[in-house]
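To keep things clear, I will list the structure first and then write my remarks on it.
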4 protein chains.
Amino acid sequence: MDYVYGPGRNHLFVPGPVNIPEQVIRAMNRNNEDYRSPAVPALTKTLLEDVKKIFKTASGTPFLIPTTGTGAWESALTNTLSPGDRIVTFLIGQFSLLWIDQQQRLNFNVDVVESEWGQGANLEILASKIAEDREHTIKAICIVHNETATGVTNNLATVRKILDHYQHPALFLVDGVSSICALDFRMDEWGIDVALTGSQKALSLPTGMGIVCASAKALRATKTAKSVRVFFDWNDYLKFYKLGTYWPYTPSIQLLYGLRAALDLIFEEGLDNVIARHARLGQATRLAVQAWGLKNCTQKEEWYSDTVTAVVVPSNIDSSEIVRRAWKRYNLSLGLGLNKVAGKVFRIGHLGHLNELQLLGCLAGVEMVLKDVGYPVKLGSGVAAASAYLQNSTPYIPSRI
Amino acid sequence: MDYVYGPGRNHLFVPGPVNIPEQVIRAMNRNNEDYRSPAVPALTKTLLEDVKKIFKTASGTPFLIPTTGTGAWESALTNTLSPGDRIVTFLIGQFSLLWIDQQQRLNFNVDVVESEWGQGANLEILASKIAEDREHTIKAICIVHNETATGVTNNLATVRKILDHYQHPALFLVDGVSSICALDFRMDEWGIDVALTGSQKALSLPTGMGIVCASAKALRATKTAKSVRVFFDWNDYLKFYKLGTYWPYTPSIQLLYGLRAALDLIFEEGLDNVIARHARLGQATRLAVQAWGLKNCTQKEEWYSDTVTAVVVPSNIDSSEIVRRAWKRYNLSLGLGLNKVAGKVFRIGHLGHLNELQLLGCLAGVEMVLKDVGYPVKLGSGVAAASAYLQNSTPYIPSRI
Amino acid sequence: MDYVYGPGRNHLFVPGPVNIPEQVIRAMNRNNEDYRSPAVPALTKTLLEDVKKIFKTASGTPFLIPTTGTGAWESALTNTLSPGDRIVTFLIGQFSLLWIDQQQRLNFNVDVVESEWGQGANLEILASKIAEDREHTIKAICIVHNETATGVTNNLATVRKILDHYQHPALFLVDGVSSICALDFRMDEWGIDVALTGSQKALSLPTGMGIVCASAKALRATKTAKSVRVFFDWNDYLKFYKLGTYWPYTPSIQLLYGLRAALDLIFEEGLDNVIARHARLGQATRLAVQAWGLKNCTQKEEWYSDTVTAVVVPSNIDSSEIVRRAWKRYNLSLGLGLNKVAGKVFRIGHLGHLNELQLLGCLAGVEMVLKDVGYPVKLGSGVAAASAYLQNSTPYIPSRI
Amino acid sequence: MDYVYGPGRNHLFVPGPVNIPEQVIRAMNRNNEDYRSPAVPALTKTLLEDVKKIFKTASGTPFLIPTTGTGAWESALTNTLSPGDRIVTFLIGQFSLLWIDQQQRLNFNVDVVESEWGQGANLEILASKIAEDREHTIKAICIVHNETATGVTNNLATVRKILDHYQHPALFLVDGVSSICALDFRMDEWGIDVALTGSQKALSLPTGMGIVCASAKALRATKTAKSVRVFFDWNDYLKFYKLGTYWPYTPSIQLLYGLRAALDLIFEEGLDNVIARHARLGQATRLAVQAWGLKNCTQKEEWYSDTVTAVVVPSNIDSSEIVRRAWKRYNLSLGLGLNKVAGKVFRIGHLGHLNELQLLGCLAGVEMVLKDVGYPVKLGSGVAAASAYLQNSTPYIPSRI
């Protein structure tokens with residue numbers, strides 16, 4: 001059974017789950033295997049080694065947990081912290097809000113730094129909190145690298161500078177769900193203690209794998225962290241890593257082979273080229289938005305996200321209607337505005353295994369929808385602006401011929 | 001092993017092989033089966049019944065031959081004609097040329113009516129030939145419904161009118177390779193004796209199945225046709241049809257299941273809606289070409305093709321370079337100019353399981369390529385013209401929700 | 001990249017992950033979709049309704065959690081209980097041991113009833129504990145329906161009888177990981193409060209979905225359960241059930257379509273026929289073991305499992321060598337002996353979408369391996385015993401022809 | 001739509017189409033591509049080079065024709081011979097009969113050497129015909145290497161010796177449909193002029209590709225061969241080989257990628273190891289037949305086929321009922337007896353990507369069917385005989401771990 005909506009391909013431009021490359025779909029098209037056979041550990045070994053490269057870490061320890069981003073969050077928090085621990089965290093959109101909700105329900109002492117939706121994390125307040133915290137009551141900084149609801153990218157290097165400046169020992173926990181493999185991300189250089197992403201984002205896999213990487217310091221923190229955890233307990237994984245069998249419980253064989261194919265594609269293109277590609281597509285999208293005469297929800301250029309653009313619609317238009325109509329009329333999947341920005345923004349996801357013409361097709365679709373709902377857009381204007389930029393710049397294109 | 005060229009999906013806009021719907025790819029993702037088991041005949045029975053609908057025939061007999069369009073041509077000719085038989089045929093582009101070459105090599109007496117490439121078949125000459133042929137030396141009219149090389153659609157109803165007017169008994173053989181399932185096609189109403197297509201065209205399957213449909217008159221012609229044939233002999237098929245086992249030799253199980261899925265999709269959308277969709281996409285493409293200030297290779301509107309548009313480039317530009325660059329730089333597959341129009345036209349295929357945003361992505365790509373090769377196109381202009389038309393008209397969209 | 005071991009199909013006879021039907025592999029062979037589009041909820045709605053049938057519940061509420069069996073356990077416990085709550089639980093093999101380990105780490109007051117490995121849960125001790133517990137300090141009974149490590153099936157109806165006899169209000173939590181969809185399981189009739197399974201077991205899907213079903217009483221228990229939970233919190237799901245969007249976080253689109261196909265196959269065969277098929281294959285396996293002169297690890301017939309048979313090897317043979325050799329030499333995947341029975345038993349999983357000839361091929365392989373490792377088996381003897389039984393009995397075989 | 005017959009995998013043991021390896025199914029799970037892009041020729045180039053290895057030819061020229069074995073036959077004959085040419089050919093079973101029928105309908109002067117079905121080609125008669133033919137009226141010898149209907153393998157080396165002995169210039173045309181890639185086959189060493197097979201046989205692909213290899217002498221013969229041919233004309237291929245675009249008409253992209261994967265698997269195992277594997281499985285099958293007290297249709301050991309065994313049933317049993325019942329009751333696909341041996345034999349195909357346990361499962365199934373139809377077989381006896389042989393011998397098993 002399928003839930004067809006019209007002929008042709010669905011144009012998937014939500015900021016996750018994203019389009020899966022044919023190579024990955026093929027790699028996952030397989031029967032189950034015995035995960036205790038020699039084959040699955042042999043495969044796992046290569047994955048654990050190679051997945052570290054997408055975090056840009058040499059010393060980190062990765063975990064491939066059969067869960068979603070929400071579970072990856074929970075594993076980051078419960079493995080390193082104890083109930084009552086003070087954590088500083090930033091509320092800037094729906095996904096940071098959900099993580100904060102989790103932090104609170106896990107009984108941490110959550111110190112929330114709030115910004116207007118569309119702004120980045122207020123790192124000046126962080127600096128003052130860190131400066132004041134001479135007794136090191138702050139146990140962790142929790143920050144979303146890229147807020148998927150508003151298209152805001154935070155500056156992680158600055159967070160590290162602040163901690164270093166005050167020689168503060170707080171753990172540095174980062175949600176890289178809509179950033180890792182798409183935006184510049186440097187776990188070791190920025191001294192990140194736990195970084196995490198989900199398989200269905202820039203890795204372009206199906207949902208089902210939370211990919212978490214822990215620094216040596218984070219692993220040490222597990223010894224004293226009193227948060228209750230079993231399914232998410234890293235030490236259960238480490239026990240099996242030592243045995244060379246790797247899995248405390250059954251992994252998805254298909255996702256492992258999918259991850260292998262996804263990493264191979266990323267390394268073939270080159271991680272830095274992948275990131276540069278996202279930068280080009282992000283810029284092209286923003287130029288289109290500008291050409292339409294619409295506002296980016298992100299308030300300053302320093303926060304512009306190269307994986308998702310939240311577009312503010314005029315107050316007389318309901319952005320949900322844009323998303324609904326795009327899907328029903330044009331087989332185009334856009335992201336809804338969430339919570340505070342519900343009805344006010346729609347989102348274009350431009351992450352994952354994607355190219356210029358796919359994006360331009362999406363932009364052409366958005367223009368038609370805008371016109372459909374009564375916004376006086378000039379058809380072709382966004383496509384013109386985006387393609388002028390794309391045509392002028394030179395991407396790196398991998399080839400095997 | 002894959003031959004990757006860049007990230008994201010390939011934008012396949014050659015006029016065949018065309019994009020395969022995910023539903024069909026899925027249906028074909030299977031092991032072999034015993035074609036002498038009860039399952040394969042049960043499946044085949046439904047296919048033979050349903051495939052007649054895409055020809056709009058009730059009385060025709062279909063054959064699903066494991067071959068290509070070239071083989072389907074050969075089956076049409078050798079089953080109905082004898083060496084030396086006079087046939088009237090039309091040379092209007094590369095594919096009619098190739099069919100004529102086959103007709104000559106099969107030793108028929110081939111009476112070629114030639115037109116300039118970009119024009120349709122000269123039916124006035126046909127009328128005069130038929131008028132003169134009181135002794136019925138003409139045994140067959142062979143005509144390509146849609147010349148894929150130039151984007152020219154011939155008027156089959158007129159051919160029938162001419163034959164009827166003179167009560168001429170010539171067989172009416174039609175190459176519907178790039179028309180059937182995409183353009184208006186009426187086998188019974190137009191009195192067509194053999195119609196044929198290939199699986200990789202509007203049916204949106206892989207290559208490998210020549211689909212041929214024969215009228216009762218064509219079947220009678222097999223009794224006297226002296227052309228040598230074994231692999232392509234319809235009577236071998238008919239023998240197995242009678243037995244209820246259907247296959248004189250091994251079919252591709254995968255293509256049979258793929259055809260089932262393809263037909264299901266077509267019937268779900270409605271064949272007439274599928275044809276209307278092609279008309280819309282064809283018109284949108286022509287409006288883009290006009291907006292770019294380029295000429296359609298097809299010289300008159302009456303011949304415009306809704307499955308492929310051949311675009312004439314200025315004489316200072318080599319159209320092959322456009323096709324080459326589209327592929328290397330934008331992952332966009334366009335059709336080359338062939339033979340007489342090599343270097344002079346490039347072709348946009350807009351047939352098969354395709355939607356508006358896919359086409360607009362293609363058009364945006366063509367614009368960038370045109371600019372790359374030095375043609376002073378206004379970026380966005382073609383997309384604007386096409387999307388204005390598309391946004392204003394209302395397609396039928398099937399849904400299961 | 002594949003980890004090939006020899007030509008031909010792998011013979012997968014571990015008790016999970018099990019063989020995936022081609023229909024399910026096909027259904028999962030697809031791109032991602034927007035899970036906030038109307039399509040995914042429409043699909044989910046049918047799944048939630050239909051999945052209840054495999055639990056034989058009308059009143060239960062199902063949850064399809066992106067996790068494994070271990071996570072499903074955690075969701076069952078944390079949603080219904082508070083730290084310190086007394087639970088009675090049964091240690092009869094490796095998987096009950098692991099669940100008990102989780103119960104302890106989640107800080108419950110775990111009252112363990114231990115049996116020799118190879119025996120079922122000691123329900124007499126349960127009865128006496130329940131009888132004594134007039135103050136209802138026991139908050140839950142946790143029992144593994146089918147212990148996968150030893151091939152022991154516990155009698156759930158008796159548990160319910162004991163609770164009813166003493167009118168004891170303890171929650172009745174059941175691990176049905178290697179039973180549901182394969183063994184007789186009646187959630188409503190047996191008054192089970194939480195039942196759970198994993199997608200990679202009798203449902204014959206990839207790993208990645210924990211399927212949990214909660215009674216109305218279990219849902220009420222969530223109001224007072226103080227165990228910390230976020231990712232596994234049922235109430236987050238219920239919130240989205242009410243909205244009709246169903247998902248608190250991103251599901252695996254592929255697994256949802258896979259589950260749809262798996263359920264369709266089960267209903268087509270008929271759940272009771274599926275269970276009868278497992279009974280036949282289980283009995284055939286046991287007859288083969290007997291013919292080989294080997295002992296079933298399960299000590300009494302009342303506990304025989306129709307999904308997995310643990311075979312005891314003579315003391316001079318290391319069962320791990322049997323498993324290793326089966327894989328390397330015959331492309332046959334058998335289950336290792338775990339923990340207390342490591343080296344002493346190997347396991348044949350006979351659950352999921354499986355037929356007689358697949359099982360007989362496995363049995364023929366086991367015979368050769370036994371001979372390889374020096375056990376004086378008569379080749380063909382087990383196959384003879386199994387096939388004599390199978391040939392004499394009449395299975396129900398679904399057909400579409 | 002699927003035509004399900006019972007749970008679990010179908011056991012496919014007809015002598016073609018055979019089981020497709022998962023690696024090949026995966027490789028074919030893809031969209032169409034432009035066959036005029038640089039990717040398809042790059043792939044084709046590797047295929048044409050590598051496919052020669054399975055013929056054991058260095059100097060031959062291969063053609064990958066979108067057709068079946070019947071079409072491959074037609075291409076072999078029409079490219080090298082003229083109507084009226086005398087050919088010596090051998091009638092030993094249904095497939096040689098069908099080829100002879102084709103030879104006759106193509107208007108050759110067909111000199112048929114007939115043997116009893118179950119015997120090999122009578123090469124003594126060939127020798128005497130060649131000896132007598134001092135004027136070289138015999139233009140070609142046509143021989144089926146392995147007669148699939150009776151399980152008879154002819155001695156090709158002897159044919160070459162006879163021709164050489166008399167220095168006879170006749171072309172040596174070989175149907176290797178059920179032999180190439182499975183039986184010892186040496187195109188260059190045996191001086192074969194045209195050899196051919198079909199994709200769905202030992203190569204373990206779907207149907208749809210006729211693979212033909214022509215010697216330099218055969219290519220020279222095309223210059224004078226007057227048989228009418230267009231679709232099957234090798235010279236059309238050679239024209240495109242020179243251009244480096246390779247295809248005179250559209251190939252199946254999917255089959256090309258499938259062939260790449262199939263060849264990779266064969267080379268990984270090693271062609272000689274693949275052939276040795278077939279020898280082992282063939283011998284095991286014959287031992288089982290013997291143990292059942294049944295006769296091999298093949299009358300002498302020198303003709304035993306390692307790809308298919310035709311089993312003679314007692315005269316009171318209808319072998320068609322065995323095939324029918326195997327399919328309906330056990331999901332086991334066996335080959336029917338054809339024509340002269342209809343009702344008298346059933347056939348077990350043991351070719352392609354297959355292993356020991358798959359075969360033993362099949363044999364166990366045959367035993368049960370035999371019992372079902374009233375033959376007094378001892379269950380397990382065939383499996384015992386086959387597995388005793390298999391267990392004692394040491395296969396080569398490729399591994400990547």
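For the structure tokens, the naming scheme is as follows: chains receive sequential letters (A, B, ...) according to their order of presentation, residues are indexed from 1 within each chain, and ligands are indexed from 1 in presentation order.
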- Message: Which residues are near C:Leu294? Cut-off 7 Å, only C-alpha atoms, ignore same chain within fewer than 6 positions. Put them as a PyMOL selection string.
- Response: chain C and resi 311-313
Enumerate, in order of chain and increasing residue number, the residues of chain B with an atom no farther than 12 Å from chain C, each with its shortest atom pair and distance in Å to one decimal, counting only C-alpha atoms, as a tab-separated table.
residue	atom	partner	partner_atom	distance
B:Met1	CA	C:Met1	CA	10.1
B:Arg9	CA	C:Asn31	CA	11.8
B:Pro21	CA	C:Arg30	CA	10.6
B:Glu22	CA	C:Arg30	CA	6.9
B:Gln23	CA	C:Arg30	CA	8.6
B:Val24	CA	C:Arg26	CA	10.4
B:Ile25	CA	C:Asn29	CA	8.5
B:Arg26	CA	C:Arg26	CA	5.4
B:Ala27	CA	C:Arg26	CA	6.9
B:Met28	CA	C:Arg26	CA	8.5
B:Asn29	CA	C:Arg26	CA	6.2
B:Arg30	CA	C:Glu22	CA	6.9
B:Asn31	CA	C:Glu22	CA	8.4
B:Asn32	CA	C:Glu22	CA	11.6
B:Ser37	CA	C:Ile401	CA	10.8
B:Pro38	CA	C:Ile401	CA	7.5
B:Ala39	CA	C:Ile401	CA	6.8
B:Val40	CA	C:Ile401	CA	10.0
B:Pro41	CA	C:Ile401	CA	9.9
B:Ala42	CA	C:Ile401	CA	6.8
B:Leu43	CA	C:Ile401	CA	9.1
B:Lys45	CA	C:Ile401	CA	11.6
B:Thr46	CA	C:Ile401	CA	11.9
B:Ser399	CA	C:Ala39	CA	9.6
B:Arg400	CA	C:Ala39	CA	8.5
B:Ile401	CA	C:Ala39	CA	6.8
Okay, now the selection with N, CA and C atoms, as a PDB file, in the first residue's frame?
ATOM      1  N   MET B   1      29.175  -1.434  -8.513  1.00  0.00           N
ATOM      2  CA  MET B   1      29.839  -0.282  -9.140  1.00  0.00           C
ATOM      3  C   MET B   1      28.800   0.677  -9.715  1.00  0.00           C
ATOM      4  N   ARG B   9      19.889  13.596  -7.137  1.00  0.00           N
ATOM      5  CA  ARG B   9      19.277  12.793  -8.198  1.00  0.00           C
ATOM      6  C   ARG B   9      19.730  13.278  -9.572  1.00  0.00           C
ATOM      7  N   PRO B  21       8.856   5.225 -11.898  1.00  0.00           N
ATOM      8  CA  PRO B  21       8.241   5.535 -10.601  1.00  0.00           C
ATOM      9  C   PRO B  21       8.771   4.593  -9.519  1.00  0.00           C
ATOM     10  N   GLU B  22       8.866   5.118  -8.328  1.00  0.00           N
ATOM     11  CA  GLU B  22       9.301   4.279  -7.193  1.00  0.00           C
ATOM     12  C   GLU B  22       8.439   3.025  -7.069  1.00  0.00           C
ATOM     13  N   GLN B  23       7.154   3.155  -7.340  1.00  0.00           N
ATOM     14  CA  GLN B  23       6.266   2.007  -7.207  1.00  0.00           C
ATOM     15  C   GLN B  23       6.682   0.889  -8.162  1.00  0.00           C
ATOM     16  N   VAL B  24       7.143   1.273  -9.328  1.00  0.00           N
ATOM     17  CA  VAL B  24       7.554   0.280 -10.318  1.00  0.00           C
ATOM     18  C   VAL B  24       8.920  -0.305  -9.953  1.00  0.00           C
ATOM     19  N   ILE B  25       9.833   0.547  -9.513  1.00  0.00           N
ATOM     20  CA  ILE B  25      11.140   0.044  -9.068  1.00  0.00           C
ATOM     21  C   ILE B  25      10.930  -0.991  -7.965  1.00  0.00           C
ATOM     22  N   ARG B  26      10.051  -0.659  -7.048  1.00  0.00           N
ATOM     23  CA  ARG B  26       9.754  -1.595  -5.958  1.00  0.00           C
ATOM     24  C   ARG B  26       9.190  -2.907  -6.480  1.00  0.00           C
ATOM     25  N   ALA B  27       8.235  -2.808  -7.381  1.00  0.00           N
ATOM     26  CA  ALA B  27       7.568  -4.012  -7.882  1.00  0.00           C
ATOM     27  C   ALA B  27       8.555  -4.948  -8.581  1.00  0.00           C
ATOM     28  N   MET B  28       9.615  -4.377  -9.137  1.00  0.00           N
ATOM     29  CA  MET B  28      10.577  -5.169  -9.897  1.00  0.00           C
ATOM     30  C   MET B  28      11.712  -5.713  -9.036  1.00  0.00           C
ATOM     31  N   ASN B  29      11.715  -5.321  -7.794  1.00  0.00           N
ATOM     32  CA  ASN B  29      12.785  -5.676  -6.865  1.00  0.00           C
ATOM     33  C   ASN B  29      12.522  -7.085  -6.327  1.00  0.00           C
ATOM     34  N   ARG B  30      12.793  -8.100  -7.160  1.00  0.00           N
ATOM     35  CA  ARG B  30      12.371  -9.447  -6.775  1.00  0.00           C
ATOM     36  C   ARG B  30      13.229 -10.515  -7.463  1.00  0.00           C
ATOM     37  N   ASN B  31      13.155 -11.667  -6.898  1.00  0.00           N
ATOM     38  CA  ASN B  31      13.842 -12.839  -7.416  1.00  0.00           C
ATOM     39  C   ASN B  31      13.131 -13.337  -8.685  1.00  0.00           C
ATOM     40  N   ASN B  32      13.780 -14.214  -9.400  1.00  0.00           N
ATOM     41  CA  ASN B  32      13.134 -14.900 -10.509  1.00  0.00           C
ATOM     42  C   ASN B  32      12.032 -15.845 -10.006  1.00  0.00           C
ATOM     43  N   SER B  37       5.099 -21.956 -13.738  1.00  0.00           N
ATOM     44  CA  SER B  37       4.222 -22.134 -12.575  1.00  0.00           C
ATOM     45  C   SER B  37       2.888 -21.463 -12.867  1.00  0.00           C
ATOM     46  N   PRO B  38       1.851 -21.739 -12.064  1.00  0.00           N
ATOM     47  CA  PRO B  38       0.565 -21.054 -12.298  1.00  0.00           C
ATOM     48  C   PRO B  38       0.617 -19.544 -12.071  1.00  0.00           C
ATOM     49  N   ALA B  39       1.615 -19.061 -11.314  1.00  0.00           N
ATOM     50  CA  ALA B  39       1.603 -17.631 -10.962  1.00  0.00           C
ATOM     51  C   ALA B  39       1.859 -16.738 -12.164  1.00  0.00           C
ATOM     52  N   VAL B  40       2.836 -17.091 -12.962  1.00  0.00           N
ATOM     53  CA  VAL B  40       3.204 -16.205 -14.077  1.00  0.00           C
ATOM     54  C   VAL B  40       2.086 -16.129 -15.123  1.00  0.00           C
ATOM     55  N   PRO B  41       1.476 -17.235 -15.503  1.00  0.00           N
ATOM     56  CA  PRO B  41       0.330 -17.097 -16.408  1.00  0.00           C
ATOM     57  C   PRO B  41      -0.813 -16.287 -15.812  1.00  0.00           C
ATOM     58  N   ALA B  42      -1.062 -16.459 -14.515  1.00  0.00           N
ATOM     59  CA  ALA B  42      -2.154 -15.686 -13.894  1.00  0.00           C
ATOM     60  C   ALA B  42      -1.862 -14.196 -14.007  1.00  0.00           C
ATOM     61  N   LEU B  43      -0.625 -13.833 -13.771  1.00  0.00           N
ATOM     62  CA  LEU B  43      -0.221 -12.436 -13.918  1.00  0.00           C
ATOM     63  C   LEU B  43      -0.314 -11.999 -15.377  1.00  0.00           C
ATOM     64  N   LYS B  45      -2.089 -13.048 -17.785  1.00  0.00           N
ATOM     65  CA  LYS B  45      -3.482 -12.894 -18.228  1.00  0.00           C
ATOM     66  C   LYS B  45      -3.996 -11.481 -17.939  1.00  0.00           C
ATOM     67  N   THR B  46      -3.736 -10.985 -16.747  1.00  0.00           N
ATOM     68  CA  THR B  46      -4.224  -9.627 -16.423  1.00  0.00           C
ATOM     69  C   THR B  46      -3.498  -8.584 -17.272  1.00  0.00           C
ATOM     70  N   SER B 399      -5.031  10.708  -5.612  1.00  0.00           N
ATOM     71  CA  SER B 399      -4.633  10.608  -4.210  1.00  0.00           C
ATOM     72  C   SER B 399      -5.231   9.348  -3.608  1.00  0.00           C
ATOM     73  N   ARG B 400      -4.616   8.821  -2.582  1.00  0.00           N
ATOM     74  CA  ARG B 400      -5.219   7.676  -1.882  1.00  0.00           C
ATOM     75  C   ARG B 400      -5.611   8.038  -0.461  1.00  0.00           C
ATOM     76  N   ILE B 401      -5.556   9.320  -0.156  1.00  0.00           N
ATOM     77  CA  ILE B 401      -5.853   9.706   1.223  1.00  0.00           C
ATOM     78  C   ILE B 401      -7.197  10.428   1.289  1.00  0.00           C
TER      79      ILE B 401
END
- Task: Determine which residues of stretch 250-398 of chain B DSSP labels as helix (DSSP H, G or I) from the backbone of this structure, then write them out as number ranges by chain.
- Result: B: 253-269, 271-291, 301-303, 319-330, 339-341, 356-372, 381-392
- Item | Contacts of A:Arg347 within 12 Å, only C-alpha atoms, excl. fewer than 2 positions in-chain, as an MDAnalysis selection string | chainID A and resid 12:16 147:152 285:286 289 295:298 305 307:313 319:320 322:323 326 332:338 341:345 349:350 362:363 366
- Message: Can you tell me which residues surround A:Val212 at a distance of at most 9 Å, considering only C-alpha atoms, apart from same-chain residues fewer than 3 positions away, and format the answer as a ChimeraX atom specification?
- Response: /A:61-65,72-73,75-76,194-198
Keeping N, CA and C atoms, export the residues of the selection given above as a PDB file, in the first residue's frame.
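Generated output (selection_11.pdb):
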ATOM      1  N   THR A  61      34.623   8.860  21.028  1.00  0.00           N
ATOM      2  CA  THR A  61      34.102   7.487  20.942  1.00  0.00           C
ATOM      3  C   THR A  61      32.661   7.551  20.444  1.00  0.00           C
ATOM      4  N   PRO A  62      32.397   6.946  19.289  1.00  0.00           N
ATOM      5  CA  PRO A  62      31.041   7.036  18.736  1.00  0.00           C
ATOM      6  C   PRO A  62      30.132   5.889  19.189  1.00  0.00           C
ATOM      7  N   PHE A  63      28.852   6.190  19.228  1.00  0.00           N
ATOM      8  CA  PHE A  63      27.826   5.187  19.518  1.00  0.00           C
ATOM      9  C   PHE A  63      26.735   5.288  18.450  1.00  0.00           C
ATOM     10  N   LEU A  64      26.355   4.155  17.900  1.00  0.00           N
ATOM     11  CA  LEU A  64      25.313   4.131  16.865  1.00  0.00           C
ATOM     12  C   LEU A  64      24.074   3.517  17.494  1.00  0.00           C
ATOM     13  N   ILE A  65      23.241   4.336  18.055  1.00  0.00           N
ATOM     14  CA  ILE A  65      22.148   3.853  18.904  1.00  0.00           C
ATOM     15  C   ILE A  65      20.856   3.731  18.092  1.00  0.00           C
ATOM     16  N   ALA A  72      18.949  10.281  21.211  1.00  0.00           N
ATOM     17  CA  ALA A  72      20.364  10.669  21.248  1.00  0.00           C
ATOM     18  C   ALA A  72      20.584  11.761  22.290  1.00  0.00           C
ATOM     19  N   TRP A  73      19.651  12.748  22.337  1.00  0.00           N
ATOM     20  CA  TRP A  73      19.682  13.761  23.404  1.00  0.00           C
ATOM     21  C   TRP A  73      19.732  13.095  24.785  1.00  0.00           C
ATOM     22  N   SER A  75      20.552  10.146  25.661  1.00  0.00           N
ATOM     23  CA  SER A  75      21.804   9.439  25.946  1.00  0.00           C
ATOM     24  C   SER A  75      22.902  10.417  26.319  1.00  0.00           C
ATOM     25  N   ALA A  76      22.937  11.587  25.671  1.00  0.00           N
ATOM     26  CA  ALA A  76      23.975  12.579  25.984  1.00  0.00           C
ATOM     27  C   ALA A  76      23.846  13.059  27.422  1.00  0.00           C
ATOM     28  N   VAL A 194      30.069  16.109  24.021  1.00  0.00           N
ATOM     29  CA  VAL A 194      29.149  15.170  23.373  1.00  0.00           C
ATOM     30  C   VAL A 194      28.515  15.870  22.168  1.00  0.00           C
ATOM     31  N   ALA A 195      28.601  15.207  21.027  1.00  0.00           N
ATOM     32  CA  ALA A 195      27.961  15.718  19.817  1.00  0.00           C
ATOM     33  C   ALA A 195      27.056  14.610  19.308  1.00  0.00           C
ATOM     34  N   LEU A 196      25.973  15.019  18.691  1.00  0.00           N
ATOM     35  CA  LEU A 196      25.033  13.977  18.258  1.00  0.00           C
ATOM     36  C   LEU A 196      24.278  14.415  17.017  1.00  0.00           C
ATOM     37  N   THR A 197      23.877  13.416  16.229  1.00  0.00           N
ATOM     38  CA  THR A 197      22.989  13.685  15.097  1.00  0.00           C
ATOM     39  C   THR A 197      22.074  12.486  14.882  1.00  0.00           C
ATOM     40  N   GLY A 198      21.160  12.635  13.920  1.00  0.00           N
ATOM     41  CA  GLY A 198      20.236  11.543  13.589  1.00  0.00           C
ATOM     42  C   GLY A 198      20.462  11.125  12.154  1.00  0.00           C
TER      43      GLY A 198
END
- Message: Please list as a PyMOL selection string every residue within 7 Å of D:Tyr237, counting only C-alpha atoms and excluding residues in the same chain fewer than 6 positions away.
- Response: chain D and resi 246-248
Written selection (N, CA, C and O atoms) as a short mmCIF file (atom, residue, chain, number, x, y, z; two decimals), in the first residue's frame:
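Saved file selection16.cif follows:
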data_model
loop_
_atom_site.label_atom_id
_atom_site.label_comp_id
_atom_site.auth_asym_id
_atom_site.auth_seq_id
_atom_site.Cartn_x
_atom_site.Cartn_y
_atom_site.Cartn_z
N TYR D 246 28.63 2.14 -28.21
CA TYR D 246 28.32 0.73 -27.96
C TYR D 246 26.93 0.23 -28.31
O TYR D 246 26.76 -0.97 -28.55
N TRP D 247 25.92 1.09 -28.32
CA TRP D 247 24.57 0.55 -28.43
C TRP D 247 23.85 1.04 -29.68
O TRP D 247 23.60 2.23 -29.84
N PRO D 248 23.43 0.12 -30.56
CA PRO D 248 22.65 0.51 -31.73
C PRO D 248 21.20 0.87 -31.36
O PRO D 248 20.51 1.53 -32.12
#
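Distance check against A:Glu367 using only C-alpha atoms: of A:Pro169, A:Pro398, A:Gly293, A:Gly69, the minimum falls on A:Gly293.
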